[in-house]
>>> print(open('run_5.txt').read())   # compact mmCIF, C-alpha atoms
# COMPACT_ATOMS: atom_id res chain seq x y z
CA MET P 24 -37.39 20.03 -88.66
CA SER P 25 -39.33 17.34 -90.47
CA THR P 26 -43.09 17.36 -90.10
CA SER P 27 -43.34 13.56 -90.21
CA SER P 28 -45.19 12.12 -87.23
CA PRO P 29 -45.63 8.66 -85.71
CA VAL P 30 -49.12 8.57 -87.20
CA GLU P 31 -47.65 8.94 -90.71
CA LEU P 32 -45.20 6.12 -90.08
CA LYS P 33 -47.63 3.29 -89.48
CA GLY P 34 -46.14 1.35 -92.36
CA PHE P 35 -43.03 0.66 -90.28
CA GLU P 36 -44.94 -1.44 -87.73
CA ALA P 37 -43.74 -4.60 -89.49
CA PHE P 38 -40.32 -3.84 -87.97
CA ASP P 39 -41.71 -5.06 -84.64
CA GLN P 40 -41.29 -8.61 -85.91
CA LEU P 41 -37.52 -8.21 -86.32
CA ALA P 42 -34.88 -9.08 -83.75
CA THR P 43 -32.70 -6.19 -84.94
CA MET P 44 -33.13 -2.83 -83.17
CA LEU P 45 -34.58 -0.24 -85.56
CA ALA P 46 -35.61 3.40 -85.34
CA VAL P 47 -36.91 5.90 -87.87
CA THR P 48 -35.75 9.48 -87.27
CA ASP P 49 -35.72 12.85 -88.94
CA ALA P 50 -32.51 14.66 -89.91
CA GLU P 51 -32.22 16.25 -86.47
CA GLY P 52 -32.38 12.87 -84.72
CA ARG P 53 -35.93 13.08 -83.38
CA CYS P 54 -37.34 9.57 -83.00
CA LEU P 55 -40.45 9.07 -85.14
CA PHE P 56 -40.73 5.32 -84.73
CA CYS P 57 -38.88 2.54 -82.87
CA ASN P 58 -39.50 -1.17 -82.93
CA ALA P 59 -40.11 -3.53 -80.01
CA ALA P 60 -36.54 -4.87 -80.01
CA LEU P 61 -35.11 -1.39 -79.47
CA GLU P 62 -37.75 -0.57 -76.87
CA GLY P 63 -36.86 -3.68 -74.90
CA MET P 64 -33.10 -3.18 -75.16
CA VAL P 65 -33.08 0.50 -74.18
CA GLY P 66 -35.47 -0.26 -71.33
CA VAL P 67 -37.91 2.64 -71.89
CA SER P 68 -41.45 2.47 -73.22
CA ARG P 69 -42.02 3.36 -76.86
CA ARG P 70 -44.19 6.32 -75.92
CA ASN P 71 -41.32 7.87 -73.98
CA LEU P 72 -38.77 7.07 -76.68
CA LEU P 73 -40.84 8.93 -79.27
CA ARG P 74 -40.40 12.09 -77.23
CA ARG P 75 -36.61 11.85 -77.17
CA SER P 76 -33.68 12.42 -79.45
CA VAL P 77 -31.84 9.31 -80.60
CA PHE P 78 -28.65 11.05 -79.51
CA ASP P 79 -29.73 10.36 -75.91
CA TRP P 80 -29.29 6.64 -76.55
CA ILE P 81 -25.63 6.80 -77.63
CA VAL P 82 -22.75 7.41 -75.23
CA ASP P 83 -20.84 9.50 -77.81
CA PRO P 84 -23.44 10.75 -80.35
CA SER P 85 -21.03 12.73 -82.55
CA ASP P 86 -20.68 9.98 -85.19
CA LEU P 87 -24.43 9.43 -85.25
CA ALA P 88 -25.20 13.15 -85.62
CA GLN P 89 -22.72 13.52 -88.49
CA THR P 90 -23.97 10.37 -90.23
CA LEU P 91 -27.64 11.33 -89.90
CA SER P 92 -26.91 14.71 -91.43
CA ARG P 93 -25.00 13.20 -94.37
CA VAL P 94 -27.63 10.52 -95.11
CA ALA P 95 -30.57 12.92 -94.76
CA GLY P 96 -28.76 15.40 -97.03
CA ASN P 97 -28.25 12.75 -99.75
CA GLN P 98 -24.46 13.00 -99.43
CA VAL P 99 -24.36 9.21 -98.90
CA SER P 100 -27.09 6.58 -99.15
CA SER P 101 -25.88 4.67 -96.12
CA ALA P 102 -23.10 4.55 -93.55
CA ARG P 103 -22.08 2.38 -90.62
CA PHE P 104 -19.99 2.62 -87.47
CA ASP P 105 -19.64 1.09 -84.01
CA ALA P 106 -21.04 2.77 -80.90
CA GLN P 107 -22.10 2.22 -77.31
CA LEU P 108 -25.87 2.06 -76.77
CA ARG P 109 -26.88 3.57 -73.44
CA ARG P 110 -29.64 1.75 -71.55
CA LEU P 111 -31.57 4.67 -70.14
CA PRO P 112 -32.70 3.41 -66.70
CA ILE P 113 -30.12 4.15 -64.01
CA GLY P 114 -27.68 1.28 -63.72
CA GLY P 115 -28.78 -0.14 -67.07
CA GLY P 116 -25.23 -0.15 -68.39
CA GLU P 117 -23.98 0.14 -71.97
CA LEU P 118 -24.16 -2.20 -74.95
CA PRO P 119 -21.69 -2.33 -77.86
CA VAL P 120 -23.63 -2.08 -81.13
CA HIS P 121 -22.93 -1.80 -84.84
CA VAL P 122 -24.99 1.09 -86.25
CA ILE P 123 -26.22 1.21 -89.85
CA VAL P 124 -27.86 4.44 -91.07
CA CYS P 125 -29.63 4.52 -94.43
CA GLN P 126 -32.29 6.38 -96.36
CA THR P 127 -35.96 5.39 -96.50
CA ASP P 128 -38.52 5.86 -99.27
CA ARG P 129 -40.14 8.67 -97.26
CA PRO P 130 -38.60 12.13 -97.59
CA GLY P 131 -37.09 13.59 -94.47
CA THR P 132 -36.75 10.26 -92.67
CA VAL P 133 -33.73 8.09 -91.92
CA LEU P 134 -33.55 4.46 -90.81
CA VAL P 135 -31.18 3.70 -87.93
CA GLU P 136 -30.43 0.01 -87.42
CA MET P 137 -28.47 -1.24 -84.41
CA ILE P 138 -27.07 -4.76 -84.17
CA GLU P 139 -25.72 -6.05 -80.89
CA ILE P 140 -22.08 -6.88 -81.52
CA GLU P 141 -22.07 -9.68 -78.98
CA GLN P 142 -25.44 -11.11 -80.00
CA GLN P 143 -24.01 -13.93 -82.10
CA THR P 144 -21.34 -14.59 -79.51
CA ARG P 145 -24.02 -14.86 -76.82
CA LEU P 146 -26.13 -17.23 -78.91
CA ASP P 147 -23.11 -19.45 -79.53
CA ARG P 148 -22.31 -19.36 -75.82
CA GLU P 149 -25.90 -20.31 -74.96
CA ASP P 150 -25.70 -23.24 -77.36
CA ARG P 151 -22.47 -24.44 -75.76
CA TRP P 152 -23.89 -24.03 -72.25
CA HIS P 153 -27.06 -25.88 -73.20
CA SER P 154 -25.20 -28.80 -74.80
CA LEU P 155 -22.75 -29.00 -71.92
CA ALA P 156 -25.54 -28.76 -69.35
CA GLN P 157 -27.40 -31.64 -71.00
CA ALA P 158 -24.24 -33.75 -71.04
CA ASN P 159 -23.49 -32.89 -67.40
CA LYS P 160 -27.01 -33.78 -66.29
CA GLU P 161 -26.83 -37.17 -68.00
CA LEU P 162 -23.41 -37.81 -66.50
CA VAL P 163 -24.50 -36.78 -63.00
CA ARG P 164 -27.72 -38.77 -63.16
CA ASN P 165 -25.94 -41.93 -64.31
CA LEU P 166 -23.18 -41.47 -61.77
CA ALA P 167 -25.69 -40.88 -58.97
CA HIS P 168 -27.50 -44.11 -59.82
CA GLU P 169 -24.21 -46.01 -59.87
CA ILE P 170 -23.27 -44.61 -56.44
CA LYS P 171 -26.68 -45.15 -54.88
CA ASN P 172 -26.76 -48.97 -54.93
CA PRO P 173 -23.34 -49.73 -53.38
CA LEU P 174 -23.86 -46.88 -50.92
CA GLY P 175 -26.91 -48.63 -49.50
CA GLY P 176 -24.89 -51.84 -49.18
CA ILE P 177 -22.07 -50.05 -47.35
CA ARG P 178 -24.48 -48.49 -44.88
CA GLY P 179 -26.29 -51.77 -44.26
CA ALA P 180 -23.03 -53.65 -43.73
CA ALA P 181 -21.87 -51.00 -41.24
CA GLN P 182 -25.14 -51.34 -39.30
CA LEU P 183 -24.83 -55.14 -39.15
CA LEU P 184 -21.20 -54.87 -38.08
CA GLU P 185 -22.14 -52.41 -35.33
CA MET P 186 -24.63 -54.91 -33.92
CA GLU P 187 -21.83 -57.51 -33.62
CA LEU P 188 -19.33 -55.23 -31.93
CA GLU P 189 -19.14 -54.99 -28.17
CA SER P 190 -16.42 -52.35 -27.99
CA ARG P 191 -17.76 -48.80 -27.78
CA GLU P 192 -14.60 -47.47 -29.45
CA LEU P 193 -15.09 -49.75 -32.46
CA ARG P 194 -18.77 -48.82 -32.72
CA GLU P 195 -17.68 -45.20 -33.09
CA TYR P 196 -15.93 -46.17 -36.34
CA THR P 197 -19.09 -47.78 -37.70
CA GLN P 198 -21.01 -44.63 -36.78
CA VAL P 199 -18.57 -42.62 -38.87
CA VAL P 200 -19.22 -44.94 -41.83
CA ILE P 201 -23.00 -44.69 -41.38
CA HIS P 202 -22.88 -40.90 -40.99
CA GLU P 203 -20.75 -40.42 -44.12
CA ALA P 204 -22.95 -42.83 -46.08
CA ASP P 205 -26.01 -40.77 -45.07
CA ARG P 206 -24.25 -37.56 -46.15
CA LEU P 207 -23.43 -39.04 -49.54
CA GLN P 208 -26.99 -40.34 -49.85
CA ALA P 209 -28.32 -36.83 -49.25
CA LEU P 210 -25.99 -35.49 -51.94
CA VAL P 211 -27.12 -38.17 -54.40
CA ASP P 212 -30.76 -37.38 -53.63
CA ARG P 213 -30.14 -33.72 -54.42
CA LEU P 214 -28.49 -34.66 -57.71
CA LEU P 215 -31.49 -36.79 -58.68
CA ALA P 216 -34.15 -34.38 -57.33
CA PRO P 217 -34.93 -32.59 -60.65
CA HIS P 218 -35.49 -35.93 -62.39
CA ARG P 219 -37.69 -37.42 -59.68
CA ARG P 220 -40.07 -34.62 -58.83
CA PRO P 221 -43.17 -34.39 -61.05
CA HIS P 222 -43.68 -31.15 -62.98
CA ILE P 223 -46.76 -29.53 -61.39
CA VAL P 224 -48.07 -26.85 -63.72
CA GLY P 225 -50.36 -24.02 -62.66
CA ASP P 226 -50.77 -20.25 -62.90
CA VAL P 227 -47.67 -18.48 -61.56
CA ASN P 228 -47.26 -14.86 -60.52
CA ILE P 229 -43.53 -14.07 -60.54
CA HIS P 230 -43.95 -11.46 -57.80
CA GLU P 231 -45.53 -14.01 -55.46
CA VAL P 232 -42.46 -16.16 -56.11
CA CYS P 233 -40.15 -13.22 -55.35
CA GLU P 234 -42.03 -12.29 -52.17
CA ARG P 235 -41.86 -15.86 -50.89
CA VAL P 236 -38.12 -15.96 -51.49
CA ARG P 237 -37.67 -12.52 -49.95
CA SER P 238 -39.46 -13.52 -46.75
CA LEU P 239 -37.39 -16.73 -46.47
CA MET P 240 -34.12 -14.86 -46.98
CA LEU P 241 -34.94 -12.13 -44.45
CA ALA P 242 -35.83 -14.81 -41.92
CA GLU P 243 -32.49 -16.52 -42.59
CA PHE P 244 -30.52 -13.23 -42.52
CA PRO P 245 -32.49 -10.94 -40.17
CA ARG P 246 -29.71 -8.36 -39.75
CA GLY P 247 -27.23 -6.70 -42.10
CA LEU P 248 -29.01 -7.58 -45.35
CA SER P 249 -31.54 -5.46 -47.24
CA ILE P 250 -33.58 -6.87 -50.13
CA THR P 251 -35.04 -4.16 -52.36
CA ARG P 252 -38.05 -4.72 -54.64
CA ASP P 253 -38.17 -3.18 -58.11
CA TYR P 254 -41.17 -4.82 -59.75
CA ASP P 255 -43.03 -4.24 -63.00
CA THR P 256 -46.48 -5.07 -61.68
CA SER P 257 -47.98 -5.14 -65.19
CA LEU P 258 -46.33 -8.50 -65.96
CA PRO P 259 -48.93 -11.20 -66.61
CA GLU P 260 -49.19 -14.59 -64.94
CA PHE P 261 -47.90 -17.60 -66.84
CA ARG P 262 -48.12 -21.38 -66.67
CA GLY P 263 -45.37 -23.06 -64.71
CA ASP P 264 -44.32 -25.02 -61.65
CA ARG P 265 -44.44 -22.53 -58.79
CA GLU P 266 -42.42 -24.61 -56.34
CA GLN P 267 -39.65 -25.24 -58.86
CA LEU P 268 -39.39 -21.53 -59.63
CA ILE P 269 -39.34 -20.65 -55.93
CA GLN P 270 -36.48 -23.11 -55.46
CA ALA P 271 -34.59 -21.70 -58.45
CA VAL P 272 -34.92 -18.08 -57.28
CA LEU P 273 -34.15 -19.10 -53.70
CA ASN P 274 -30.96 -20.90 -54.73
CA ILE P 275 -29.68 -17.86 -56.63
CA THR P 276 -30.65 -15.40 -53.88
CA ARG P 277 -29.16 -17.55 -51.13
CA ASN P 278 -25.98 -17.91 -53.18
CA ALA P 279 -25.83 -14.11 -53.40
CA ALA P 280 -26.40 -13.72 -49.66
CA GLN P 281 -23.65 -16.20 -48.84
CA ALA P 282 -21.27 -14.25 -51.08
CA LEU P 283 -22.21 -11.12 -49.09
CA ALA P 284 -21.10 -12.58 -45.74
CA GLU P 285 -18.55 -9.85 -45.03
CA ARG P 286 -20.91 -7.04 -45.99
CA ILE P 287 -23.69 -8.59 -43.90
CA GLU P 288 -21.38 -8.39 -40.90
CA ARG P 289 -20.77 -4.70 -41.69
CA GLY P 290 -24.50 -4.15 -42.19
CA ASP P 291 -24.37 -2.80 -45.76
CA ALA P 292 -25.20 -5.89 -47.82
CA GLY P 293 -27.86 -5.37 -50.47
CA ILE P 294 -29.81 -7.49 -52.94
CA VAL P 295 -32.20 -6.08 -55.54
CA MET P 296 -34.97 -8.18 -57.07
CA ARG P 297 -36.03 -6.51 -60.33
CA THR P 298 -38.66 -7.65 -62.85
CA ARG P 299 -39.06 -6.32 -66.37
CA ALA P 300 -40.75 -7.27 -69.64
CA ALA P 301 -38.62 -8.05 -72.69
CA ARG P 302 -40.00 -8.08 -76.22
CA GLN P 303 -38.89 -10.09 -79.25
CA LEU P 304 -36.36 -12.07 -77.24
CA THR P 305 -34.40 -15.11 -78.44
CA ILE P 306 -33.94 -17.91 -75.90
CA ALA P 307 -32.11 -21.07 -76.96
CA ARG P 308 -32.52 -20.17 -80.66
CA GLU P 309 -36.29 -19.76 -80.25
CA ARG P 310 -37.92 -16.36 -80.75
CA PHE P 311 -40.53 -15.18 -78.24
CA ARG P 312 -42.79 -12.17 -78.63
CA LEU P 313 -42.79 -11.45 -74.90
CA ALA P 314 -40.58 -12.66 -72.07
CA LEU P 315 -40.02 -12.00 -68.40
CA GLU P 316 -36.71 -10.80 -67.00
CA LEU P 317 -35.98 -11.34 -63.32
CA HIS P 318 -32.74 -9.71 -62.16
CA ILE P 319 -31.19 -10.71 -58.84
CA GLU P 320 -28.45 -8.17 -58.19
CA ASP P 321 -26.06 -7.99 -55.24
CA ASN P 322 -23.23 -5.69 -54.17
CA GLY P 323 -20.85 -8.51 -53.26
CA PRO P 324 -17.29 -9.24 -54.37
CA GLY P 325 -18.35 -10.91 -57.62
CA VAL P 326 -17.97 -14.42 -58.99
CA PRO P 327 -14.32 -15.57 -58.97
CA GLU P 328 -12.92 -15.30 -62.48
CA SER P 329 -11.53 -18.84 -62.26
CA ILE P 330 -15.05 -20.33 -62.18
CA ARG P 331 -17.04 -17.62 -63.98
CA ASP P 332 -17.55 -19.78 -67.07
CA ARG P 333 -18.39 -22.88 -65.01
CA ILE P 334 -20.70 -21.64 -62.27
CA PHE P 335 -23.68 -23.63 -63.58
CA HIS P 336 -21.69 -26.87 -63.78
CA PRO P 337 -22.47 -29.45 -61.09
CA LEU P 338 -20.17 -29.57 -58.07
CA VAL P 339 -18.46 -26.25 -58.96
CA SER P 340 -18.52 -23.81 -56.03
CA GLY P 341 -16.73 -20.62 -55.07
CA ARG P 342 -16.99 -21.46 -51.34
CA ASP P 343 -14.96 -23.99 -49.41
CA ASN P 344 -18.06 -25.54 -47.85
CA GLY P 345 -20.31 -25.28 -50.92
CA THR P 346 -21.77 -28.30 -52.69
CA GLY P 347 -21.90 -26.64 -56.11
CA LEU P 348 -25.48 -27.80 -56.73
CA GLY P 349 -27.56 -24.67 -56.05
CA LEU P 350 -27.01 -22.94 -59.38
CA THR P 351 -27.08 -26.25 -61.28
CA LEU P 352 -30.54 -27.04 -59.90
CA ALA P 353 -31.70 -23.46 -60.55
CA GLN P 354 -30.63 -23.74 -64.18
CA THR P 355 -32.35 -27.12 -64.54
CA PHE P 356 -35.65 -25.80 -63.15
CA VAL P 357 -35.54 -22.68 -65.35
CA GLU P 358 -34.71 -24.70 -68.47
CA GLN P 359 -37.75 -26.90 -67.75
CA HIS P 360 -39.77 -23.69 -68.23
CA ARG P 361 -38.04 -23.06 -71.61
CA GLY P 362 -36.01 -20.28 -70.02
CA THR P 363 -32.37 -19.57 -69.30
CA ILE P 364 -30.14 -17.92 -66.72
CA GLU P 365 -27.39 -15.42 -67.50
CA CYS P 366 -24.73 -14.00 -65.19
CA ASP P 367 -22.87 -10.69 -65.37
CA SER P 368 -20.36 -10.21 -62.58
CA THR P 369 -17.84 -7.54 -61.65
CA PRO P 370 -16.49 -6.67 -58.19
CA GLY P 371 -19.24 -4.81 -56.36
CA ARG P 372 -22.05 -5.82 -58.73
CA THR P 373 -23.24 -9.29 -59.73
CA VAL P 374 -26.47 -9.80 -61.64
CA PHE P 375 -28.15 -13.14 -62.30
CA LYS P 376 -30.85 -12.72 -64.94
CA ILE P 377 -33.61 -15.31 -65.33
CA LEU P 378 -35.39 -15.17 -68.69
CA LEU P 379 -38.78 -16.90 -69.04
CA PRO P 380 -41.11 -16.74 -72.06
CA LEU P 381 -44.58 -15.30 -71.44
CA PRO P 382 -47.82 -16.10 -73.25
>>> encode(input="run_5.txt", output="structure tokens")
Amino acid sequence: MSTSSPVELKGFEAFDQLATMLAVTDAEGRCLFCNAALEGMVGVSRRNLLRRSVFDWIVDPSDLAQTLSRVAGNQVSSARFDAQLRRLPIGGGELPVHVIVCQTDRPGTVLVEMIEIEQQTRLDREDRWHSLAQANKELVRNLAHEIKNPLGGIRGAAQLLEMELESRELREYTQVVIHEADRLQALVDRLLAPHRRPHIVGDVNIHEVCERVRSLMLAEFPRGLSITRDYDTSLPEFRGDREQLIQAVLNITRNAAQALAERIERGDAGIVMRTRAARQLTIARERFRLALELHIEDNGPGVPESIRDRIFHPLVSGRDNGTGLGLTLAQTFVEQHRGTIECDSTPGRTVFKILLPLP
């Protein structure tokens, strides 16, 4: 086994600035160094990764073991193949990656580079979502303003007409008009809410936000729903609008709870609120050294496939009585903090992930 140690590999620390996942190993696959991108993706601290074999990270390590042996033995200078990267925490899932193994200028060491196969696809999807979201917000805001003025006139005319009517039966019709006008006014106000409310910036602790949402949800659903905490308490505070973030997290969590209606009745509905740190993360084409990940996971039926690509669009809802504004507002509030929201949904497990840059 190679005698190289992490102390001898200090020169590789520049790899921490790269978005690509990189590790330096010996011929037997013992990890001698790993960069921040790999640490964040695998979900285990660097100190623990340095004690493991890189074969633990791959679902089927046979190709990696054979390639490491060939490269370390100077049979080939480099080789590449596709594999499934295992995220080590339980429930972390797997990630398709393209693996490149090559020699280094230090005897007995091999460089293992892993590129997320869907990384470019995800970035392109984020760009499309961002452009579409901006267009939708402009459309909704303009439409709401156009509706607002005549709506006030309709309501006022109905009130004046009601004052002139003596028949109780006819006044019931004017009450219907007034009631529906008020309902539409409330909808318009919700559409315009993100553009009206001032952005109040202060120090925010994400776990205080989560605890506030958790208490509200348990008060709303006192039986049949459990909300589990899984917090990384080392996460620092950051500057943001606390009330906006509470509303964003509340909208997503309430949406999850409403999707769990049947399981709540059976008493086995569950939501997990999980916080983690992510390093060297790209959000909307901008690279951040450190970011916060908030996962809101439920064991519900999943997002209907017919709307999975449109769940953040305004007025799109998977429920008959839904307004389709909760996730739209959540996305707007998160984007105002330079963050983004991602969704991964399969029957029995839906995860909404909020990403926010940290100082």
>>> closest_residue(input="run_5.txt", among="P:Ser257, P:Leu268, P:Asp212, P:Ile275", to="Met240 in chain P", atoms="only C-alpha atoms")
P:Ile275
>>> residues_around(input="run_5.txt", residues="Arg246 in chain P", least_positions_apart="3", cutoff="12 Å", atoms="all atoms listed in the file", output="PyMOL selection string")
chain P and resi 240-243+249-250+280+284+286-293
>>> atom_distance(input="run_5.txt", atom1="CA of Ser92 in chain P", atom2="CA of Asp49 in chain P")
9.3 Å
>>> closest_residue(input="run_5.txt", among="P:Ala307, P:Ala301, P:Ile377, P:Ala46", to="Leu258 in chain P", atoms="all atoms listed in the file")
P:Ala301
>>> residues_around(input="run_5.txt", residues="Leu184 in chain P", least_positions_apart="3", cutoff="10 Å", atoms="only C-alpha atoms", output="ChimeraX atom specification")
/P:178-181,187-188,193-194,197
>>> residues_around(input="run_5.txt", residues="Gly371 in chain P", least_positions_apart="4", cutoff="12 Å", atoms="all atoms listed in the file", output="JSON, numbers by chain")
{"P": [279, 282, 283, 286, 291, 292, 293, 294, 320, 321, 322, 323, 324, 325, 326, 367]}
>>> write_last_selection(input="run_5.txt", atoms="C-alpha atoms", output="PDB file, in the frame of the given file")
ATOM      1  CA  ALA P 279     -25.830 -14.110 -53.400  1.00  0.00           C
ATOM      2  CA  ALA P 282     -21.270 -14.250 -51.080  1.00  0.00           C
ATOM      3  CA  LEU P 283     -22.210 -11.120 -49.090  1.00  0.00           C
ATOM      4  CA  ARG P 286     -20.910  -7.040 -45.990  1.00  0.00           C
ATOM      5  CA  ASP P 291     -24.370  -2.800 -45.760  1.00  0.00           C
ATOM      6  CA  ALA P 292     -25.200  -5.890 -47.820  1.00  0.00           C
ATOM      7  CA  GLY P 293     -27.860  -5.370 -50.470  1.00  0.00           C
ATOM      8  CA  ILE P 294     -29.810  -7.490 -52.940  1.00  0.00           C
ATOM      9  CA  GLU P 320     -28.450  -8.170 -58.190  1.00  0.00           C
ATOM     10  CA  ASP P 321     -26.060  -7.990 -55.240  1.00  0.00           C
ATOM     11  CA  ASN P 322     -23.230  -5.690 -54.170  1.00  0.00           C
ATOM     12  CA  GLY P 323     -20.850  -8.510 -53.260  1.00  0.00           C
ATOM     13  CA  PRO P 324     -17.290  -9.240 -54.370  1.00  0.00           C
ATOM     14  CA  GLY P 325     -18.350 -10.910 -57.620  1.00  0.00           C
ATOM     15  CA  VAL P 326     -17.970 -14.420 -58.990  1.00  0.00           C
ATOM     16  CA  ASP P 367     -22.870 -10.690 -65.370  1.00  0.00           C
TER      17      ASP P 367
END
>>> residues_around(input="run_5.txt", residues="Gly63 in chain P", least_positions_apart="4", cutoff="9 Å", atoms="all atoms listed in the file", output="ChimeraX atom specification")
/P:58-59,67-69,300-304
>>> residues_around(input="run_5.txt", residues="Phe356 in chain P", least_positions_apart="3", cutoff="6 Å", atoms="only C-alpha atoms", output="ChimeraX atom specification")
/P:267,353,359
>>> atom_distance(input="run_5.txt", atom1="CA of Arg312 in chain P", atom2="CA of His336 in chain P")
29.7 Å
>>> closest_residue(input="run_5.txt", among="P:Glu117, P:Glu266, P:Asp332, P:Glu169", to="Cys366 in chain P", atoms="all atoms listed in the file")
P:Asp332
>>> closest_residue(input="run_5.txt", among="P:His202, P:Arg237, P:Arg297, P:Arg103", to="Val120 in chain P", atoms="all atoms listed in the file")
P:Arg103
>>> closest_residue(input="run_5.txt", among="P:Gln354, P:Thr373, P:Asn97, P:Gln107", to="Ile81 in chain P", atoms="only C-alpha atoms")
P:Gln107
>>> decode(input="run_5.txt", residues="range 235-286 of chain P", atoms="C-alpha atoms", output="mmCIF file, in the first residue's frame")
data_model
loop_
_atom_site.group_PDB
_atom_site.id
_atom_site.type_symbol
_atom_site.label_atom_id
_atom_site.label_comp_id
_atom_site.auth_asym_id
_atom_site.auth_seq_id
_atom_site.Cartn_x
_atom_site.Cartn_y
_atom_site.Cartn_z
ATOM 1 C CA ARG P 235 -41.916 28.198 13.493
ATOM 2 C CA VAL P 236 -43.289 26.323 10.495
ATOM 3 C CA ARG P 237 -43.274 23.040 12.400
ATOM 4 C CA SER P 238 -45.312 24.490 15.266
ATOM 5 C CA LEU P 239 -47.839 26.015 12.839
ATOM 6 C CA MET P 240 -48.241 22.747 10.946
ATOM 7 C CA LEU P 241 -48.681 20.628 14.077
ATOM 8 C CA ALA P 242 -51.324 23.073 15.289
ATOM 9 C CA GLU P 243 -53.115 22.764 11.941
ATOM 10 C CA PHE P 244 -52.753 18.951 11.820
ATOM 11 C CA PRO P 245 -52.682 17.849 15.485
ATOM 12 C CA ARG P 246 -53.272 14.142 14.764
ATOM 13 C CA GLY P 247 -51.964 11.680 12.196
ATOM 14 C CA LEU P 248 -48.950 13.735 11.079
ATOM 15 C CA SER P 249 -45.405 13.542 12.431
ATOM 16 C CA ILE P 250 -42.764 16.143 11.522
ATOM 17 C CA THR P 251 -39.219 14.916 12.136
ATOM 18 C CA ARG P 252 -36.248 17.252 12.594
ATOM 19 C CA ASP P 253 -32.866 16.410 11.081
ATOM 20 C CA TYR P 254 -30.826 19.582 11.533
ATOM 21 C CA ASP P 255 -27.180 20.461 11.006
ATOM 22 C CA THR P 256 -26.893 22.875 13.922
ATOM 23 C CA SER P 257 -23.487 24.130 12.742
ATOM 24 C CA LEU P 258 -25.066 26.124 9.895
ATOM 25 C CA PRO P 259 -24.429 29.859 10.302
ATOM 26 C CA GLU P 260 -26.990 32.643 10.285
ATOM 27 C CA PHE P 261 -27.386 34.667 7.104
ATOM 28 C CA ARG P 262 -28.971 37.919 5.987
ATOM 29 C CA GLY P 263 -32.506 37.624 4.689
ATOM 30 C CA ASP P 264 -36.181 38.351 5.149
ATOM 31 C CA ARG P 265 -37.312 36.023 7.932
ATOM 32 C CA GLU P 266 -41.039 36.395 7.294
ATOM 33 C CA GLN P 267 -40.675 35.702 3.577
ATOM 34 C CA LEU P 268 -38.669 32.558 4.270
ATOM 35 C CA ILE P 269 -41.200 31.382 6.867
ATOM 36 C CA GLN P 270 -43.944 31.844 4.280
ATOM 37 C CA ALA P 271 -41.951 29.973 1.627
ATOM 38 C CA VAL P 272 -41.210 27.003 3.902
ATOM 39 C CA LEU P 273 -44.778 27.047 5.228
ATOM 40 C CA ASN P 274 -46.249 26.941 1.722
ATOM 41 C CA ILE P 275 -44.133 23.925 0.761
ATOM 42 C CA THR P 276 -44.784 22.089 4.041
ATOM 43 C CA ARG P 277 -48.520 22.771 3.942
ATOM 44 C CA ASN P 278 -48.599 21.587 0.332
ATOM 45 C CA ALA P 279 -46.930 18.354 1.482
ATOM 46 C CA ALA P 280 -49.398 17.926 4.344
ATOM 47 C CA GLN P 281 -52.369 18.421 2.050
ATOM 48 C CA ALA P 282 -50.974 15.751 -0.283
ATOM 49 C CA LEU P 283 -50.776 13.435 2.754
ATOM 50 C CA ALA P 284 -54.504 13.681 3.536
ATOM 51 C CA GLU P 285 -55.153 9.950 3.207
ATOM 52 C CA ARG P 286 -52.117 8.981 5.276
#
